[in-house]
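Text of target.pdb (PDB, C-alpha atoms) as supplied:
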```pdb
ATOM      1  CA  MET A 276       0.000   0.000   0.000
ATOM      2  CA  LEU A 277       1.127   3.566  -0.639
ATOM      3  CA  GLY A 278       3.572   2.180  -3.188
ATOM      4  CA  SER A 279       4.958  -0.492  -0.869
ATOM      5  CA  ARG A 280       4.836  -4.299  -0.703
ATOM      6  CA  THR A 281       4.826  -4.169   3.088
ATOM      7  CA  SER A 282       1.529  -5.202   4.693
ATOM      8  CA  PRO A 283      -0.719  -2.409   6.003
ATOM      9  CA  TYR A 284      -0.396  -3.765   9.537
ATOM     10  CA  LEU A 285       3.387  -3.649   9.450
ATOM     11  CA  GLN A 286       3.334  -0.214   7.808
ATOM     12  CA  GLU A 287       1.242   1.121  10.670
ATOM     13  CA  LYS A 288       3.575  -0.377  13.288
ATOM     14  CA  LEU A 289       6.644   0.981  11.523
ATOM     15  CA  ALA A 290       5.096   4.462  11.517
ATOM     16  CA  LEU A 291       4.082   4.180  15.153
ATOM     17  CA  LEU A 292       7.486   2.994  16.339
ATOM     18  CA  SER A 293       9.222   5.647  14.222
ATOM     19  CA  THR A 294       7.018   8.235  15.884
ATOM     20  CA  LEU A 295       8.078   7.052  19.333
ATOM     21  CA  THR A 296      11.796   6.427  18.881
ATOM     22  CA  VAL A 297      14.685   7.003  16.481
ATOM     23  CA  PHE A 298      14.629   5.115  13.180
ATOM     24  CA  GLY A 299      17.768   3.148  14.094
ATOM     25  CA  GLN A 300      16.005   1.436  17.009
ATOM     26  CA  VAL A 301      12.912   0.409  15.031
ATOM     27  CA  PRO A 302      14.300  -2.791  13.385
ATOM     28  CA  GLU A 303      15.243  -4.361  16.721
ATOM     29  CA  LEU A 304      11.853  -3.502  18.226
ATOM     30  CA  VAL A 305       9.978  -4.935  15.240
ATOM     31  CA  GLU A 306      11.926  -8.176  15.454
ATOM     32  CA  GLN A 307      11.310  -8.455  19.201
ATOM     33  CA  LEU A 308       7.623  -7.588  19.002
ATOM     34  CA  LEU A 309       6.546  -9.058  15.662
ATOM     35  CA  GLY A 310       9.253 -11.541  14.753
ATOM     36  CA  ARG A 311       9.843  -9.745  11.438
ATOM     37  CA  ARG A 312      13.086  -8.397  10.071
ATOM     38  CA  VAL A 313      13.119  -4.884   8.646
ATOM     39  CA  ASN A 314      15.853  -2.331   8.192
ATOM     40  CA  GLN A 315      16.178   1.316   9.133
ATOM     41  CA  SER A 316      15.546   2.523   5.576
ATOM     42  CA  GLN A 317      12.212   0.700   5.464
ATOM     43  CA  ALA A 318      11.133   2.356   8.682
ATOM     44  CA  TYR A 319      12.142   5.775   7.393
ATOM     45  CA  ARG A 320      10.449   5.338   4.007
ATOM     46  CA  GLN A 321       7.180   4.094   5.479
ATOM     47  CA  CYS A 322       7.136   6.930   7.983
ATOM     48  CA  GLN A 323       7.640   9.517   5.215
ATOM     49  CA  ARG A 324       5.050   7.977   2.869
ATOM     50  CA  ILE A 325       2.371   7.725   5.494
ATOM     51  CA  ALA A 326       2.962  11.208   6.879
ATOM     52  CA  ASP A 327       2.939  12.670   3.371
ATOM     53  CA  ALA A 328      -0.422  11.022   2.664
ATOM     54  CA  LEU A 329      -2.074  12.201   5.900
ATOM     55  CA  ASP A 330      -4.636  14.945   5.366
ATOM     56  CA  GLU A 331      -3.542  17.923   7.469
ATOM     57  CA  GLN A 332      -7.084  19.278   7.561
ATOM     58  CA  HIS A 333      -8.333  16.054   9.124
ATOM     59  CA  LEU A 334      -5.399  16.106  11.514
ATOM     60  CA  SER A 335      -6.289  19.593  12.791
ATOM     61  CA  THR A 336     -10.032  18.919  12.939
ATOM     62  CA  PRO A 337     -11.149  18.633  16.581
ATOM     63  CA  SER A 338     -12.075  15.169  17.747
ATOM     64  CA  PRO A 339     -15.787  14.521  18.392
ATOM     65  CA  ALA A 340     -15.159  14.871  22.137
ATOM     66  CA  LEU A 341     -13.406  18.236  21.812
ATOM     67  CA  ALA A 342     -15.945  19.462  19.243
ATOM     68  CA  ALA A 343     -18.758  18.617  21.659
ATOM     69  CA  GLN A 344     -17.017  20.556  24.433
ATOM     70  CA  GLN A 345     -16.537  23.543  22.130
ATOM     71  CA  ALA A 346     -20.254  23.570  21.345
ATOM     72  CA  GLN A 347     -21.259  23.962  24.997
ATOM     73  CA  ALA A 348     -21.696  27.685  25.596
ATOM     74  CA  PRO A 349     -21.153  27.603  29.404
ATOM     75  CA  GLY A 350     -17.991  25.555  28.924
ATOM     76  CA  LEU A 351     -14.367  26.629  28.947
ATOM     77  CA  VAL A 352     -11.593  25.770  26.501
ATOM     78  CA  TYR A 353      -7.962  26.833  26.824
ATOM     79  CA  GLY A 354      -5.706  27.617  23.889
ATOM     80  CA  MET A 355      -1.944  27.961  24.192
ATOM     81  CA  VAL A 356       0.637  28.748  21.517
ATOM     82  CA  ASP A 357       4.419  28.974  21.570
ATOM     83  CA  GLY A 358       7.488  28.434  19.415
ATOM     84  CA  SER A 359      10.100  25.691  19.762
ATOM     85  CA  MET A 360      13.460  25.538  18.003
ATOM     86  CA  LEU A 361      14.496  22.430  16.050
ATOM     87  CA  PHE A 362      17.875  21.891  14.385
ATOM     88  CA  THR A 363      17.664  21.367  10.612
ATOM     89  CA  ASP A 364      19.954  21.347   7.595
ATOM     90  CA  GLN A 365      19.251  25.094   7.357
ATOM     91  CA  GLY A 366      20.173  25.691  10.998
ATOM     92  CA  TRP A 367      17.816  26.304  13.899
ATOM     93  CA  GLN A 368      14.230  26.799  12.766
ATOM     94  CA  GLU A 369      11.196  27.619  14.840
ATOM     95  CA  THR A 370       8.225  25.273  15.000
ATOM     96  CA  LYS A 371       4.948  26.805  16.125
ATOM     97  CA  LEU A 372       3.090  24.530  18.534
ATOM     98  CA  GLY A 373      -0.511  24.918  19.668
ATOM     99  CA  ARG A 374      -2.354  23.067  22.432
ATOM    100  CA  VAL A 375      -6.131  23.064  22.996
ATOM    101  CA  PHE A 376      -7.891  21.465  25.950
ATOM    102  CA  ALA A 377     -11.123  21.830  27.892
ATOM    103  CA  ASP A 378     -11.044  22.887  31.576
ATOM    104  CA  GLY A 379      -7.467  21.723  32.155
ATOM    105  CA  PRO A 380      -4.615  19.722  30.580
ATOM    106  CA  ALA A 381      -4.455  15.978  30.943
ATOM    107  CA  ASP A 382      -1.248  16.260  32.986
ATOM    108  CA  GLY A 383      -2.302  19.244  35.051
ATOM    109  CA  PRO A 384      -4.226  19.922  38.256
ATOM    110  CA  ALA A 385      -7.469  20.952  36.579
ATOM    111  CA  GLY A 386      -8.553  17.476  35.585
ATOM    112  CA  PRO A 387      -8.102  14.492  33.277
ATOM    113  CA  HIS A 388      -8.983  16.186  29.979
ATOM    114  CA  ALA A 389      -7.161  15.205  26.799
ATOM    115  CA  SER A 390      -5.275  17.810  24.780
ATOM    116  CA  GLU A 391      -5.105  18.142  21.025
ATOM    117  CA  TYR A 392      -2.252  19.786  19.140
ATOM    118  CA  VAL A 393      -1.191  21.459  15.920
ATOM    119  CA  ALA A 394       2.389  22.105  14.835
ATOM    120  CA  HIS A 395       4.008  23.836  11.888
ATOM    121  CA  ARG A 396       7.622  24.536  11.005
ATOM    122  CA  GLY A 397       8.163  28.015   9.617
ATOM    123  CA  HIS A 398       6.158  31.237   9.426
ATOM    124  CA  TYR A 399       3.090  31.580  11.598
ATOM    125  CA  SER A 400       0.882  32.178   8.548
ATOM    126  CA  GLY A 401       1.124  28.441   7.886
ATOM    127  CA  PHE A 402       0.222  27.651  11.483
ATOM    128  CA  THR A 403      -2.780  29.839  12.263
ATOM    129  CA  PRO A 404      -5.279  28.237   9.807
ATOM    130  CA  HIS A 405      -4.685  24.826  11.398
ATOM    131  CA  PHE A 406      -5.083  26.207  14.908
ATOM    132  CA  GLU A 407      -8.290  28.010  13.968
ATOM    133  CA  ARG A 408      -9.654  24.740  12.591
ATOM    134  CA  LEU A 409      -8.835  22.992  15.864
ATOM    135  CA  LEU A 410     -10.396  25.815  17.913
ATOM    136  CA  PRO A 411     -12.874  27.677  15.656
ATOM    137  CA  PRO A 412     -13.092  31.400  16.467
ATOM    138  CA  ASP A 413     -16.890  31.284  16.166
ATOM    139  CA  SER A 414     -17.437  28.404  18.606
ATOM    140  CA  PRO A 415     -19.778  29.496  21.443
ATOM    141  CA  VAL A 416     -17.607  28.088  24.227
ATOM    142  CA  ARG A 417     -15.634  30.489  26.403
ATOM    143  CA  LYS A 418     -12.093  30.618  25.059
ATOM    144  CA  VAL A 419      -9.086  31.470  27.221
ATOM    145  CA  PHE A 420      -5.627  32.018  25.760
ATOM    146  CA  ILE A 421      -2.497  32.018  27.903
ATOM    147  CA  THR A 422       0.589  33.020  25.928
ATOM    148  CA  ASP A 423       3.871  34.868  26.233
ATOM    149  CA  GLY A 424       4.514  38.375  24.953
ATOM    150  CA  ALA A 425       5.328  37.481  21.326
ATOM    151  CA  ALA A 426       3.939  40.271  19.135
ATOM    152  CA  TRP A 427       2.608  38.016  16.375
ATOM    153  CA  ILE A 428       0.629  35.902  18.851
ATOM    154  CA  GLY A 429      -0.986  38.935  20.451
ATOM    155  CA  GLN A 430      -1.899  40.516  17.116
ATOM    156  CA  TRP A 431      -3.309  37.286  15.664
ATOM    157  CA  LEU A 432      -5.382  36.401  18.730
ATOM    158  CA  SER A 433      -6.741  39.941  19.048
ATOM    159  CA  THR A 434      -7.907  39.760  15.430
ATOM    160  CA  SER A 435      -9.190  36.185  15.250
ATOM    161  CA  TYR A 436     -10.437  35.761  18.840
ATOM    162  CA  PRO A 437     -11.420  39.260  19.979
ATOM    163  CA  ASP A 438     -14.042  37.993  22.440
ATOM    164  CA  ALA A 439     -11.733  35.495  24.154
ATOM    165  CA  THR A 440     -10.034  36.018  27.505
ATOM    166  CA  HIS A 441      -6.381  36.868  26.840
ATOM    167  CA  ILE A 442      -3.866  36.219  29.615
ATOM    168  CA  LEU A 443      -0.157  37.000  29.588
ATOM    169  CA  ASP A 444       1.727  34.154  31.241
ATOM    170  CA  TYR A 445       2.301  35.311  34.805
ATOM    171  CA  TYR A 446       5.645  33.570  35.117
ATOM    172  CA  HIS A 447       7.057  35.296  32.029
ATOM    173  CA  VAL A 448       6.325  38.627  33.702
ATOM    174  CA  VAL A 449       7.874  37.519  36.989
ATOM    175  CA  GLU A 450      10.954  36.296  35.134
ATOM    176  CA  LYS A 451      11.471  39.747  33.617
ATOM    177  CA  LEU A 452      10.979  41.413  36.972
ATOM    178  CA  ALA A 453      13.370  38.955  38.631
ATOM    179  CA  ALA A 454      16.097  39.972  36.174
ATOM    180  CA  VAL A 455      15.632  43.549  37.385
ATOM    181  CA  ALA A 456      15.539  42.523  41.039
ATOM    182  CA  ARG A 457      18.961  40.898  40.769
ATOM    183  CA  GLN A 458      20.399  44.364  40.124
ATOM    184  CA  LEU A 459      18.857  45.924  43.265
ATOM    185  CA  PRO A 460      20.243  45.983  46.828
ATOM    186  CA  GLN A 461      17.033  44.518  48.302
ATOM    187  CA  GLY A 462      15.900  42.786  45.171
ATOM    188  CA  ASN A 463      14.018  39.896  46.782
ATOM    189  CA  THR A 464      11.859  42.261  48.804
ATOM    190  CA  TRP A 465      11.205  44.435  45.760
ATOM    191  CA  LEU A 466      10.269  41.413  43.639
ATOM    192  CA  ALA A 467       7.878  40.033  46.265
ATOM    193  CA  ARG A 468       6.110  43.390  46.396
ATOM    194  CA  GLN A 469       5.694  43.481  42.612
ATOM    195  CA  GLN A 470       4.305  39.935  42.596
ATOM    196  CA  GLN A 471       1.758  40.952  45.208
ATOM    197  CA  HIS A 472       0.703  43.903  43.052
ATOM    198  CA  LEU A 473       0.311  41.667  40.006
ATOM    199  CA  LEU A 474      -1.863  39.211  41.922
ATOM    200  CA  CYS A 475      -4.063  42.107  43.066
ATOM    201  CA  ASP A 476      -4.700  43.465  39.535
ATOM    202  CA  GLU A 477      -2.318  46.363  40.164
ATOM    203  CA  SER A 478       0.008  46.162  37.196
ATOM    204  CA  GLU A 479      -0.008  49.990  36.951
ATOM    205  CA  ARG A 480       1.798  50.137  40.284
ATOM    206  CA  VAL A 481       4.402  47.727  38.941
ATOM    207  CA  GLU A 482       4.884  50.027  35.949
ATOM    208  CA  ALA A 483       5.327  52.992  38.275
ATOM    209  CA  HIS A 484       7.869  51.141  40.418
ATOM    210  CA  VAL A 485       9.857  50.123  37.342
ATOM    211  CA  ALA A 486       9.814  53.681  36.042
ATOM    212  CA  GLY A 487      11.199  54.886  39.396
ATOM    213  CA  LEU A 488      14.219  52.577  39.384
ATOM    214  CA  ARG A 489      17.001  55.068  38.727
ATOM    215  CA  GLN A 490      19.565  52.308  39.374
ATOM    216  CA  LEU A 491      18.639  50.808  36.001
ATOM    217  CA  PRO A 492      19.812  52.178  32.664
ATOM    218  CA  ALA A 493      17.119  54.306  31.023
ATOM    219  CA  ALA A 494      16.908  51.952  28.043
ATOM    220  CA  ASP A 495      16.187  48.963  30.322
ATOM    221  CA  ARG A 496      13.490  50.873  32.223
ATOM    222  CA  GLN A 497      11.882  51.970  28.994
ATOM    223  CA  CYS A 498      11.937  48.473  27.485
ATOM    224  CA  LEU A 499      10.340  46.805  30.522
ATOM    225  CA  GLY A 500       7.877  49.653  30.955
ATOM    226  CA  SER A 501       6.761  49.345  27.338
ATOM    227  CA  TYR A 502       6.298  45.607  27.783
ATOM    228  CA  LEU A 503       4.108  46.114  30.858
ATOM    229  CA  ARG A 504       2.011  48.837  29.244
ATOM    230  CA  ALA A 505       1.472  46.867  26.025
ATOM    231  CA  ASN A 506       0.221  43.854  27.983
ATOM    232  CA  HIS A 507      -1.729  45.676  30.684
ATOM    233  CA  TYR A 508      -5.078  44.445  29.313
ATOM    234  CA  ARG A 509      -4.139  40.800  29.954
ATOM    235  CA  MET A 510      -2.487  41.057  33.372
ATOM    236  CA  CYS A 511      -5.526  40.977  35.708
ATOM    237  CA  TYR A 512      -4.184  37.945  37.535
ATOM    238  CA  GLY A 513      -6.237  38.391  40.694
ATOM    239  CA  SER A 514      -9.465  38.444  38.692
ATOM    240  CA  TYR A 515      -8.370  35.463  36.618
ATOM    241  CA  GLN A 516      -7.643  33.389  39.713
ATOM    242  CA  ALA A 517     -10.914  34.448  41.340
ATOM    243  CA  ASP A 518     -12.613  33.161  38.180
ATOM    244  CA  GLY A 519     -10.863  29.824  38.553
ATOM    245  CA  LEU A 520      -8.591  30.309  35.533
ATOM    246  CA  LEU A 521      -5.012  29.233  35.031
ATOM    247  CA  ILE A 522      -2.509  32.094  34.812
ATOM    248  CA  GLY A 523       0.558  30.165  33.648
ATOM    249  CA  SER A 524       1.479  28.641  30.307
ATOM    250  CA  GLY A 525       2.995  25.526  31.849
ATOM    251  CA  PRO A 526       0.909  23.169  29.671
ATOM    252  CA  ILE A 527       2.414  24.479  26.420
ATOM    253  CA  GLU A 528       5.897  24.528  27.941
ATOM    254  CA  ALA A 529       5.412  20.872  28.865
ATOM    255  CA  ALA A 530       4.123  20.159  25.355
ATOM    256  CA  HIS A 531       7.414  21.349  23.860
ATOM    257  CA  ARG A 532       9.059  18.376  25.501
ATOM    258  CA  SER A 533       6.304  15.778  25.266
ATOM    259  CA  VAL A 534       5.291  16.493  21.652
ATOM    260  CA  LEU A 535       8.518  17.687  20.035
ATOM    261  CA  GLN A 536      11.729  17.455  22.006
ATOM    262  CA  VAL A 537      11.436  13.902  23.351
ATOM    263  CA  ARG A 538      11.607  12.602  19.778
ATOM    264  CA  MET A 539      12.968  15.417  17.639
ATOM    265  CA  LYS A 540      15.567  17.184  19.755
ATOM    266  CA  ARG A 541      17.857  14.388  20.873
ATOM    267  CA  SER A 542      21.617  14.667  21.002
ATOM    268  CA  GLY A 543      23.121  14.935  17.529
ATOM    269  CA  GLN A 544      19.820  15.089  15.633
ATOM    270  CA  ARG A 545      19.500  17.256  12.557
ATOM    271  CA  TRP A 546      16.476  17.278  10.253
ATOM    272  CA  ALA A 547      15.891  17.826   6.569
ATOM    273  CA  ASN A 548      12.868  20.094   6.159
ATOM    274  CA  HIS A 549      10.654  17.400   4.656
ATOM    275  CA  GLY A 550      11.680  14.836   7.282
ATOM    276  CA  CYS A 551      10.973  17.328  10.051
ATOM    277  CA  ASP A 552       7.531  18.166   8.640
ATOM    278  CA  HIS A 553       6.572  14.523   8.235
ATOM    279  CA  LEU A 554       7.528  13.547  11.755
ATOM    280  CA  LEU A 555       5.815  16.630  13.176
ATOM    281  CA  ARG A 556       2.616  15.431  11.540
ATOM    282  CA  LEU A 557       2.935  11.968  13.058
ATOM    283  CA  ARG A 558       3.871  13.294  16.500
ATOM    284  CA  VAL A 559       0.779  15.528  16.485
ATOM    285  CA  ALA A 560      -1.408  12.592  15.420
ATOM    286  CA  TYR A 561      -0.006  10.412  18.200
ATOM    287  CA  LYS A 562      -0.170  12.973  21.010
ATOM    288  CA  SER A 563      -3.646  14.144  19.950
ATOM    289  CA  ARG A 564      -4.879  10.521  20.072
ATOM    290  CA  LYS A 565      -5.618  10.625  16.364
ATOM    291  CA  PHE A 566      -3.307   7.873  15.185
ATOM    292  CA  ASP A 567      -6.406   6.063  13.983
ATOM    293  CA  LEU A 568      -6.159   8.385  10.971
ATOM    294  CA  VAL A 569      -3.104   6.350   9.937
ATOM    295  CA  THR A 570      -5.086   3.129  10.269
ATOM    296  CA  GLN A 571      -7.934   4.554   8.203
ATOM    297  CA  LEU A 572      -5.486   5.771   5.560
ATOM    298  CA  LEU A 573      -3.916   2.338   5.199
ATOM    299  CA  LYS A 574      -7.285   0.568   5.095
ATOM    300  CA  SER A 575      -8.453   2.978   2.408
ATOM    301  CA  SER A 576      -5.286   2.354   0.377
ATOM    302  CA  GLN A 577      -5.743  -1.415   0.694
ATOM    303  CA  ALA A 578      -9.376  -1.206  -0.469
ATOM    304  CA  LYS A 579      -8.276   0.476  -3.701
ATOM    305  CA  ILE A 580      -5.963  -2.378  -4.675
TER     306      ILE A 580
END
```

Will you turn the file into structure tokens for me?
Amino acid sequence: MLGSRTSPYLQEKLALLSTLTVFGQVPELVEQLLGRRVNQSQAYRQCQRIADALDEQHLSTPSPALAAQQAQAPGLVYGMVDGSMLFTDQGWQETKLGRVFADGPADGPAGPHASEYVAHRGHYSGFTPHFERLLPPDSPVRKVFITDGAAWIGQWLSTSYPDATHILDYYHVVEKLAAVARQLPQGNTWLARQQQHLLCDESERVEAHVAGLRQLPAADRQCLGSYLRANHYRMCYGSYQADGLLIGSGPIEAAHRSVLQVRMKRSGQRWANHGCDHLLRLRVAYKSRKFDLVTQLLKSSQAKI
């Protein structure tokens, strides 16, 4: 199937194992598990063929469970977006990664709810249509986005999801303030006071305190002050917490490792663009619990023979 003499069952297992571990380890696993001998090139070729044949629109379509949650107006769905760097033949390239989940991530404190993902190497214009298919802007559910201060993310979300709740990751803000505190005589005390202000919806007071730090170079004060002013509208952390919302982007930070890095950022790895894109597609299918799309693809190919 898909131009190969390998059985559909073995093709699926080769793709699955290649999604979980490096191609060089696949032959030994296949022999141990299935009693069949294959080589590394077979694993690589099957992985590329299957990933190339997967329909990206189907891959970024929400599962029936997530679609049902998005249709419930009183419900709550989180969206998180960030960039992760992968090493390729063209050097380090950024992969945009998006995570969508209802109420809370599967590995977080809010409950056992499965996450679904989209990923795209390159410019964000190739990423946003897939994310908007996974989390439609017109869905009636309450949408909450927790992101960092990247300009493109803020501009895109403000345009496509103007009615959503937009939250700037609290820990990104604290990290910037901590860098300032390290330059002050009583930095720990100063930082604790700013954190208290943030958690009381008093980001203007933080801006004022930063502006009054004459120990800092003027350029540093201006840069941090501009950052705080630009993101003032999504720094009401006390109100967010009172509403039972998350204020940190930990789930997307964790997804960098669990979706991408654990397979694609190992020591010595370097990717050709097409190889990177293919494995991204399979990793998203696996982590979104949509690997059945591979099974359906292979069954469909077999039926045409």

Suppose you want the space between CA of Arg509 (chain A) and CA of Thr434 (chain A); what is it in Å?
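Between CA of Arg509 (chain A) and CA of Thr434 (chain A) the gap is 15.0 Å.
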
Take the PyMOL selection byres ((chain A and resi 448-465) around 10), apply it to the structure above, and return the hits as JSON, numbers by chain.
{"A": [423, 424, 443, 444, 445, 446, 447, 466, 467, 468, 469, 470, 473, 481, 484, 485, 488, 490, 491, 495, 496, 499, 502, 503, 506, 510]}

Exercise: Thr440 (chain A) partners within 8 Å, all atoms listed in the file, chain neighbours under 5 positions left out, as a list in words:
Arg417, Lys418, Val419, Phe420 and Arg509 of chain A

Resolved residues for the PyMOL selection byres ((chain A and resi 525-531) around 12) as a count of residues only:
56

In Å, with one decimal, what is the gap from CA of Glu477 (chain A) to CA of Pro349 (chain A)?
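Computing it gives 28.7 Å between the two atoms.
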
Picked residues, the PyMOL selection byres ((chain A and resi 412) around 12), expected as a ChimeraX atom specification
/A:345-346,352,354,403-411,413-420,431-439

Where atoms are lacking, region 504-515 of chain A completed to N, CA and C atoms, as a PDB file, in the frame of the given file:
```
ATOM      1  N   ARG A 504       3.135  48.035  29.746  1.00  0.00           N
ATOM      2  CA  ARG A 504       2.011  48.837  29.244  1.00  0.00           C
ATOM      3  C   ARG A 504       1.301  48.133  28.090  1.00  0.00           C
ATOM      4  N   ALA A 505       2.071  47.525  27.190  1.00  0.00           N
ATOM      5  CA  ALA A 505       1.472  46.867  26.025  1.00  0.00           C
ATOM      6  C   ALA A 505       0.607  45.677  26.424  1.00  0.00           C
ATOM      7  N   ASN A 506       0.940  45.060  27.568  1.00  0.00           N
ATOM      8  CA  ASN A 506       0.221  43.854  27.983  1.00  0.00           C
ATOM      9  C   ASN A 506      -0.690  44.086  29.182  1.00  0.00           C
ATOM     10  N   HIS A 507      -0.923  45.350  29.504  1.00  0.00           N
ATOM     11  CA  HIS A 507      -1.729  45.676  30.684  1.00  0.00           C
ATOM     12  C   HIS A 507      -3.098  45.010  30.635  1.00  0.00           C
ATOM     13  N   TYR A 508      -3.709  44.953  29.448  1.00  0.00           N
ATOM     14  CA  TYR A 508      -5.078  44.445  29.313  1.00  0.00           C
ATOM     15  C   TYR A 508      -5.196  42.951  29.607  1.00  0.00           C
ATOM     16  N   ARG A 509      -4.060  42.237  29.669  1.00  0.00           N
ATOM     17  CA  ARG A 509      -4.139  40.800  29.954  1.00  0.00           C
ATOM     18  C   ARG A 509      -3.278  40.414  31.164  1.00  0.00           C
ATOM     19  N   MET A 510      -3.256  41.308  32.161  1.00  0.00           N
ATOM     20  CA  MET A 510      -2.487  41.057  33.372  1.00  0.00           C
ATOM     21  C   MET A 510      -3.337  41.201  34.633  1.00  0.00           C
ATOM     22  N   CYS A 511      -4.627  40.884  34.550  1.00  0.00           N
ATOM     23  CA  CYS A 511      -5.526  40.977  35.708  1.00  0.00           C
ATOM     24  C   CYS A 511      -5.523  39.638  36.454  1.00  0.00           C
ATOM     25  N   TYR A 512      -4.379  39.297  37.004  1.00  0.00           N
ATOM     26  CA  TYR A 512      -4.184  37.945  37.535  1.00  0.00           C
ATOM     27  C   TYR A 512      -5.083  37.634  38.725  1.00  0.00           C
ATOM     28  N   GLY A 513      -5.350  38.619  39.567  1.00  0.00           N
ATOM     29  CA  GLY A 513      -6.237  38.391  40.694  1.00  0.00           C
ATOM     30  C   GLY A 513      -7.638  38.026  40.227  1.00  0.00           C
ATOM     31  N   SER A 514      -8.135  38.731  39.225  1.00  0.00           N
ATOM     32  CA  SER A 514      -9.465  38.444  38.692  1.00  0.00           C
ATOM     33  C   SER A 514      -9.497  37.087  38.010  1.00  0.00           C
ATOM     34  N   TYR A 515      -8.424  36.767  37.292  1.00  0.00           N
ATOM     35  CA  TYR A 515      -8.370  35.463  36.618  1.00  0.00           C
ATOM     36  C   TYR A 515      -8.444  34.327  37.641  1.00  0.00           C
TER      37      TYR A 515
END
```
